[in-house]
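**Q** Sharing a structure, written as structure tokens. Questions coming.
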Amino acid sequence: MSAISLTATYAAMGARRVAVLAIGSAAILVSLVLDVATGPAFLPVGAVAKSVFGLAQDRTVDAIVWSIRLPIAFVALVVGAALGLSGAIMQTILNNPLASSYTLGVSAGAGFGAALVIVLGVAMPVPEAWGIPLMAFLFAGIACAGVYGIGQARESSPEMLVLAGIALLFLFQALLALLQFVASPEALQQIVFWLFGSLQKASWSKLWIITAVLVACIPLLIVDVWRLTALKLGDERARGLGVDVARLRLRSFVLISALTGVAVAFVGTIGFVGLVAPHIARMLVGEDQRSFLPASTLYGALLLSLASIASKTVLPGAIVPIGIVTSLIGVPFFVWLILRNRRAFW
Amino acid sequence: MRFSLTSLMAGAALLASSLSALAAPTEITDALGRKVTVALPVKRVAVNFNFEEFTAVAGVEGWQKVVGISRAPWEGWRPVIFNRYKAVIPNLAAMPDIGHSDDNSFSAEKVIGLKPDVLLMSEWGYKALATQMQQIEGAGIPVVIIDYNAQLLERHLASTRALGKVMGAEARAEGLASLYEREYNDVLARVAKAKAAGAPTKKVYVELGQAEAETVGNTYNNTMWGKIITTLGAQNIATGKIPGPWGPLNAEAVIAENPDLILMASSSWVNRPKAVRTGYDIPETETRASLMPYAQRPGWANLKAIQAGDINAIEHGLARTLYDFVAMQYIGKRLYPEQFADVDPVASFRAYHKAFLPIAFSGTWMLPLKP
């Protein structure tokens with residue numbers, strides 16, 4: 001292949017990446033508008049638009065739009081983005097297509113933390129409404145530290161880390177089952193709620209917190225983007241290129257635990273976005289982390305936003321828990337995605 | 001002077017009644033003692049639970065003001081009872097659903113969109129849905145908590161009075177509250193008399209007979225039936241033996257404890273062919289036939305309760321209601337037959353239907369295996 005055609009191919013790939021990100025962003029905008037426009041109260045679109053732009057005062061419409069629909073629509077975006085991004089980092093550093101916070105015990109850890117507060121009323125110097133997210137966040141971090149710590153014992157090879165993650169998944173699931181066993185019916189109901197995952201508890205203050213964590217993680221990632229790309233060539237080659245693999249994994253784990261923790265803390269364990277979004281991104285833009293990570297973030301946001309719309313429209317007038325929607329719609333879509341591509345991505 | 005005072009009072013009453021046609025902000029104390037301001041009289045109401053208590057207080061005409069309910073805990077849990085009410089409440093069939101806390105389908109947006117003047121909420125629903133409650137209250141819709149689940153006299157009374165005040169049926173609510181208080185205290189007085197006469201503390205085992213005889217169903221520890229048993233001065237054999245407020249007790253433990261009285265909580269569940277069956281459409285023969293396999297469980301033949309024929313079906317829907325005094329009367333009568341000789345719980349339930357409910361009493365609700 002001549003130098004010119006190589007350059008042309010590279011340029012074409014670059015154009016494709018820009019197009020993928022642009023289309024993703026446009027789709028997110030459309031999805032956001034639809035998310036705000038739909039809901040079980042069946043408000044006229046005109047009334048919603050007037051309320052959004054402050055053109056009309058109607059207490060009922062304003063309450064629905066401003067205290068329910070807008071926070072939910074935006075929280076869906078930032079949570080989806082955080083889950084997509086953390087899943088992408090996890091799949092990269094573990095070099096494994098099955099890695100996600102959901103499959104490797106981080107979400108289960110968060111669930112256990114939340115259940116601890118719900119069942120035992122673990123004394124926290126904060127109101128219960130914030131105690132649950134705090135403990136969920138803390139235990140997501142503990143789960144991440146556990147995965148890293150166990151994996152570290154054997155030179156933190158990706159295989160070791162994945163096995164450690166699976167071990168922690170089962171550990172936290174067993175602990176959670178134990179808590180459910182001793183829980184009162186009210187507490188049990190709350191745990192089940194929490195595990196379903198729900199955007200219904202979205203609020204503006206929660207939105208700002210998740211957004212702040214997401215935004216804070218991005219510059220930290222930009223610094224490491226080329227190292228992560230190098231890591232995809234294998235641990236040996238990355239080391240050859242001067243990357244301190246162990247430290248890179250540690251830094252990445254900290255980011256994963258912050259992103260997953262904050263997302264899961266407020267909306268519960270919404271599965272699957274963290275697994276599927278990176279796969280979609282990989283099929284569209286390939287492995288170069290400079291576009292793979294932003295694409296995973298965008299498509300994670302898009303997926304959860306679409307799921308939010310679906311959860312309101314599948315059964316008109318009712319709201320199907322978002323965790324169930326992401327799995328029920330996500331799984332067949334994911335299988336189709338894998339089967340339609342002859343090219344192997346892994 | 002006397003004349004003018006009377007006319008003054010009459011005038012004031014007239015003024016008050018004409019004022020009440022307009023919405024007047026009124027403070028209401030709910031089941032938890034919260035002070036809630038509701039603009040009375042209400043024109044639109046959303047109801048989350050305790051539909052039969054709502055009906056007893058507000059009557060069929062009160063349903064004209066209901067704009068949405070949580071359908072699952074009525075239509076789903078007690079479909080046969082729901083269908084009976086559907087036949088007499090015109091707007092119930094097409095009633096909008098506001099969703100339910102257990103399956104996470106409760107929608108604050110749906111409630112706000114229906115523009116109710118007040119939302120009547122169960123205590124457990126209110127606790128489980130903190131964010132949604134804030135959103136609803138933020139939209140200016142007051143939430144009044146109703147709670148019969150706690151099986152506490154004062155909450156039963158406070159819930160009933162709050163329902164009466166919200167629905168403008170205070171006289172009827174007061175009648176219900178005083179009936180409940182009277183019957184509740186009468187049961188406890190009889191128990192105290194029996195105890196004073198040296199009645200032994202009997203051992204009671206209660207189980208939800210919902211699945212089949214081969215499966216051990218939930219028993220209750222200090223809530224619902226468990227609470228009623230201990231209130232009646234008997235020993236609930238499950239107390240302290242199950243970790244939570246309800247769950248199945250080890251089959252061996254039942255045999256080892258050798259209870260004097262066994263209660264199988266029963267109902268007209270749909271798609272539960274092997275459940276113990278009671279309800280509006282169930283004849284006594286059917287209840288006894290459905291109870292029989294449970295009495296024949298392995299190892300049960302020698303239990304004191306079985307040998308005495310004292311294994312009973314009792315409608316599960318009787319617990320945590322305004323008419324649960326009927327269940328207390330029935331269990332009290334099984335525990336202390338002499339003191340309750342002149343008490344007829346079935347007649348009490350029949351009378352309650354006649355006085356307060358729009359549907360006729362029929363069927364079987366509680367009976368022992370041995371007639």
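Chain lettering (A, B, ...) mirrors the order of the structure tokens, residue numbering begins at 1 for each chain separately, and ligand numbering begins at 1 in order of display.
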With a cut-off of 6 Å, could you pull out the residues of chain B touching chain A and give me the nearest pair of atoms for each, distance in Å to one decimal, using only C-alpha atoms, ordered by chain and ascending number, as CSV?

**A**
residue,atom,partner,partner_atom,distance
B:Ser105,CA,A:Ile319,CA,5.3
B:Glu109,CA,A:Ile64,CA,5.7
B:Lys110,CA,A:Ala41,CA,4.8
B:Gly113,CA,A:Ala41,CA,4.9
B:Thr131,CA,A:Lys201,CA,5.4
B:Ala139,CA,A:Ala63,CA,5.3
B:Pro243,CA,A:Val182,CA,5.3
B:Gly244,CA,A:Val182,CA,5.3
B:Pro245,CA,A:Ser184,CA,5.8

**Q** Include C-alpha atoms and write out the residues we just selected as a PDB file, in the first residue's frame.

**A**
ATOM      1  CA  SER B 105     -45.150   1.554  38.478  1.00  0.00           C
ATOM      2  CA  GLU B 109     -46.705  12.579  36.770  1.00  0.00           C
ATOM      3  CA  LYS B 110     -49.931  10.606  36.351  1.00  0.00           C
ATOM      4  CA  GLY B 113     -51.884  15.226  35.590  1.00  0.00           C
ATOM      5  CA  THR B 131     -39.289  11.497  45.799  1.00  0.00           C
ATOM      6  CA  ALA B 139     -47.336  20.593  42.758  1.00  0.00           C
ATOM      7  CA  PRO B 243     -35.962 -13.420  61.025  1.00  0.00           C
ATOM      8  CA  GLY B 244     -38.371 -10.944  59.441  1.00  0.00           C
ATOM      9  CA  PRO B 245     -41.969  -9.952  60.146  1.00  0.00           C
TER      10      PRO B 245
END

**Q** Compile the contact shell of Ala246 of chain A as a list of chain:residue names: residues with an atom at most 12 Å away, counting only C-alpha atoms, same-chain residues fewer than 6 positions apart removed.

**A**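 Here the answer would be A:Ile93, A:Leu94, A:Tyr148, A:Gly149, A:Gly151, A:Gln152, A:Ala153, A:Arg154, A:Glu155, A:Ser156, A:Ser157, A:Pro158, A:Leu161, A:Arg227, A:Leu228, A:Leu231, A:Asp235, A:Glu236, A:Ala238, A:Arg239, A:Ser252, A:Phe253.
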
**Q** I need the residues of segment 190-303 of chain B that end up classed as strand (DSSP E or B) by DSSP on the backbone, written out as a PyMOL selection string.

**A** chain B and resi 203-208+218-220+235-236+246-248+261-266+279

**Q** Could you write those residues out with N, CA and C atoms, as an mmCIF file, in the first residue's frame?

**A**
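File produced: selection.cif:
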data_model
loop_
_atom_site.group_PDB
_atom_site.id
_atom_site.type_symbol
_atom_site.label_atom_id
_atom_site.label_comp_id
_atom_site.auth_asym_id
_atom_site.auth_seq_id
_atom_site.Cartn_x
_atom_site.Cartn_y
_atom_site.Cartn_z
ATOM 1 N N LYS B 203 -51.223 -22.002 72.362
ATOM 2 C CA LYS B 203 -50.237 -21.819 71.295
ATOM 3 C C LYS B 203 -50.962 -21.787 69.951
ATOM 4 N N VAL B 204 -50.644 -20.786 69.146
ATOM 5 C CA VAL B 204 -51.317 -20.620 67.859
ATOM 6 C C VAL B 204 -50.291 -20.615 66.735
ATOM 7 N N TYR B 205 -50.630 -21.320 65.656
ATOM 8 C CA TYR B 205 -49.811 -21.264 64.439
ATOM 9 C C TYR B 205 -50.677 -20.724 63.311
ATOM 10 N N VAL B 206 -50.193 -19.675 62.645
ATOM 11 C CA VAL B 206 -50.929 -19.110 61.518
ATOM 12 C C VAL B 206 -50.073 -19.238 60.268
ATOM 13 N N GLU B 207 -50.708 -19.596 59.144
ATOM 14 C CA GLU B 207 -49.954 -19.757 57.898
ATOM 15 C C GLU B 207 -50.809 -19.299 56.730
ATOM 16 N N LEU B 208 -50.163 -18.670 55.753
ATOM 17 C CA LEU B 208 -50.853 -18.248 54.536
ATOM 18 C C LEU B 208 -51.032 -19.474 53.643
ATOM 19 N N ASN B 218 -46.077 -18.489 54.266
ATOM 20 C CA ASN B 218 -45.579 -17.516 55.244
ATOM 21 C C ASN B 218 -46.352 -17.584 56.554
ATOM 22 N N THR B 219 -45.634 -17.341 57.641
ATOM 23 C CA THR B 219 -46.294 -17.096 58.910
ATOM 24 C C THR B 219 -45.932 -15.672 59.329
ATOM 25 N N TYR B 220 -46.516 -15.172 60.417
ATOM 26 C CA TYR B 220 -46.370 -13.747 60.732
ATOM 27 C C TYR B 220 -45.825 -13.554 62.129
ATOM 28 N N GLN B 235 -50.135 -17.335 72.461
ATOM 29 C CA GLN B 235 -48.720 -17.372 72.120
ATOM 30 C C GLN B 235 -48.589 -17.725 70.646
ATOM 31 N N ASN B 236 -48.012 -16.813 69.872
ATOM 32 C CA ASN B 236 -47.754 -17.082 68.456
ATOM 33 C C ASN B 236 -46.463 -17.886 68.374
ATOM 34 N N TRP B 246 -42.429 -11.510 58.334
ATOM 35 C CA TRP B 246 -43.122 -12.687 57.795
ATOM 36 C C TRP B 246 -42.166 -13.540 56.992
ATOM 37 N N GLY B 247 -42.520 -14.809 56.841
ATOM 38 C CA GLY B 247 -41.669 -15.776 56.169
ATOM 39 C C GLY B 247 -42.115 -17.149 56.604
ATOM 40 N N PRO B 248 -41.665 -18.201 55.918
ATOM 41 C CA PRO B 248 -42.099 -19.542 56.306
ATOM 42 C C PRO B 248 -41.368 -20.042 57.550
ATOM 43 N N LEU B 261 -54.061 -24.357 68.304
ATOM 44 C CA LEU B 261 -54.963 -23.772 67.306
ATOM 45 C C LEU B 261 -54.151 -23.460 66.050
ATOM 46 N N ILE B 262 -54.690 -23.864 64.894
ATOM 47 C CA ILE B 262 -54.013 -23.547 63.629
ATOM 48 C C ILE B 262 -54.955 -22.699 62.782
ATOM 49 N N LEU B 263 -54.425 -21.588 62.260
ATOM 50 C CA LEU B 263 -55.204 -20.714 61.382
ATOM 51 C C LEU B 263 -54.564 -20.728 59.997
ATOM 52 N N MET B 264 -55.328 -21.089 58.981
ATOM 53 C CA MET B 264 -54.824 -21.009 57.618
ATOM 54 C C MET B 264 -55.474 -19.779 56.969
ATOM 55 N N ALA B 265 -54.652 -18.780 56.635
ATOM 56 C CA ALA B 265 -55.183 -17.576 55.991
ATOM 57 C C ALA B 265 -55.557 -17.926 54.556
ATOM 58 N N SER B 266 -56.784 -17.593 54.189
ATOM 59 C CA SER B 266 -57.355 -18.079 52.937
ATOM 60 C C SER B 266 -57.916 -16.909 52.140
ATOM 61 N N GLY B 279 -64.416 -16.566 50.632
ATOM 62 C CA GLY B 279 -64.803 -15.355 49.924
ATOM 63 C C GLY B 279 -66.279 -15.341 49.577
#

**Q** Rank nothing, just name the residue among A:Val162, A:Leu207, A:Ile218, A:Val225 nearest to Ala258 of chain A, using only C-alpha atoms.

**A** A:Ile218

**Q** As a PyMOL selection string, please: the residues near Pro358 of chain B (cut-off 10 Å, only C-alpha atoms, same-chain neighbours under 6 positions excluded).

**A** chain B and resi 52+55-56+59-60+84-85+87-89

**Q** Write out the residues from the selection above, keeping N, CA and C atoms, as a compact mmCIF listing (two decimals), in the first residue's frame.

**A**
# COMPACT_ATOMS: atom_id res chain seq x y z
N GLU B 52 -61.85 -0.46 50.41
CA GLU B 52 -63.09 -0.86 51.08
C GLU B 52 -63.38 0.06 52.28
N THR B 55 -64.79 3.17 50.81
CA THR B 55 -66.19 2.97 50.45
C THR B 55 -67.09 3.03 51.69
N ALA B 56 -66.64 2.38 52.77
CA ALA B 56 -67.45 2.37 53.99
C ALA B 56 -67.70 3.79 54.48
N GLY B 59 -69.06 6.03 50.92
CA GLY B 59 -70.19 5.49 50.19
C GLY B 59 -69.94 5.44 48.69
N VAL B 60 -70.88 4.84 47.97
CA VAL B 60 -70.74 4.75 46.51
C VAL B 60 -70.68 6.16 45.91
N ARG B 84 -66.89 -7.41 42.49
CA ARG B 84 -68.16 -7.10 43.17
C ARG B 84 -68.38 -5.59 43.24
N TYR B 85 -67.33 -4.86 43.61
CA TYR B 85 -67.45 -3.40 43.73
C TYR B 85 -67.63 -2.76 42.35
N ALA B 87 -69.29 -3.79 40.02
CA ALA B 87 -70.69 -3.90 39.60
C ALA B 87 -71.55 -2.78 40.19
N VAL B 88 -71.13 -2.21 41.33
CA VAL B 88 -71.97 -1.18 41.96
C VAL B 88 -71.37 0.23 41.87
N ILE B 89 -70.09 0.33 41.48
CA ILE B 89 -69.47 1.65 41.34
C ILE B 89 -69.26 1.93 39.86

**Q** What's the 9 Å shell around Asp344 of chain B, counting only C-alpha atoms, without same-chain residues fewer than 3 positions away, as a tab-separated table (two decimals) with N, CA and C atoms, in the first residue's frame?

**A**
chain	number	residue	atom	x	y	z
B	326	VAL	N	-63.82	-8.40	63.25
B	326	VAL	CA	-64.53	-9.65	62.99
B	326	VAL	C	-63.56	-10.84	63.14
B	329	GLN	N	-62.80	-11.32	66.75
B	329	GLN	CA	-63.89	-12.04	67.42
B	329	GLN	C	-63.79	-13.54	67.15
B	330	TYR	N	-63.51	-13.88	65.88
B	330	TYR	CA	-63.46	-15.30	65.52
B	330	TYR	C	-62.32	-16.01	66.26
B	333	LYS	N	-62.96	-16.32	69.92
B	333	LYS	CA	-63.95	-17.36	70.21
B	333	LYS	C	-63.31	-18.75	70.18
B	340	PHE	N	-66.68	-15.97	74.76
B	340	PHE	CA	-67.19	-15.44	73.50
B	340	PHE	C	-68.46	-16.19	73.05
B	341	ALA	N	-69.09	-16.91	74.01
B	341	ALA	CA	-70.24	-17.76	73.65
B	341	ALA	C	-71.32	-16.97	72.91
B	347	ALA	N	-72.09	-13.08	61.95
B	347	ALA	CA	-73.20	-12.13	62.03
B	347	ALA	C	-72.68	-10.69	62.08
B	348	SER	N	-71.55	-10.48	62.80
B	348	SER	CA	-70.95	-9.13	62.85
B	348	SER	C	-70.57	-8.67	61.45
B	349	PHE	N	-69.99	-9.58	60.68
B	349	PHE	CA	-69.52	-9.22	59.34
B	349	PHE	C	-70.72	-8.93	58.43
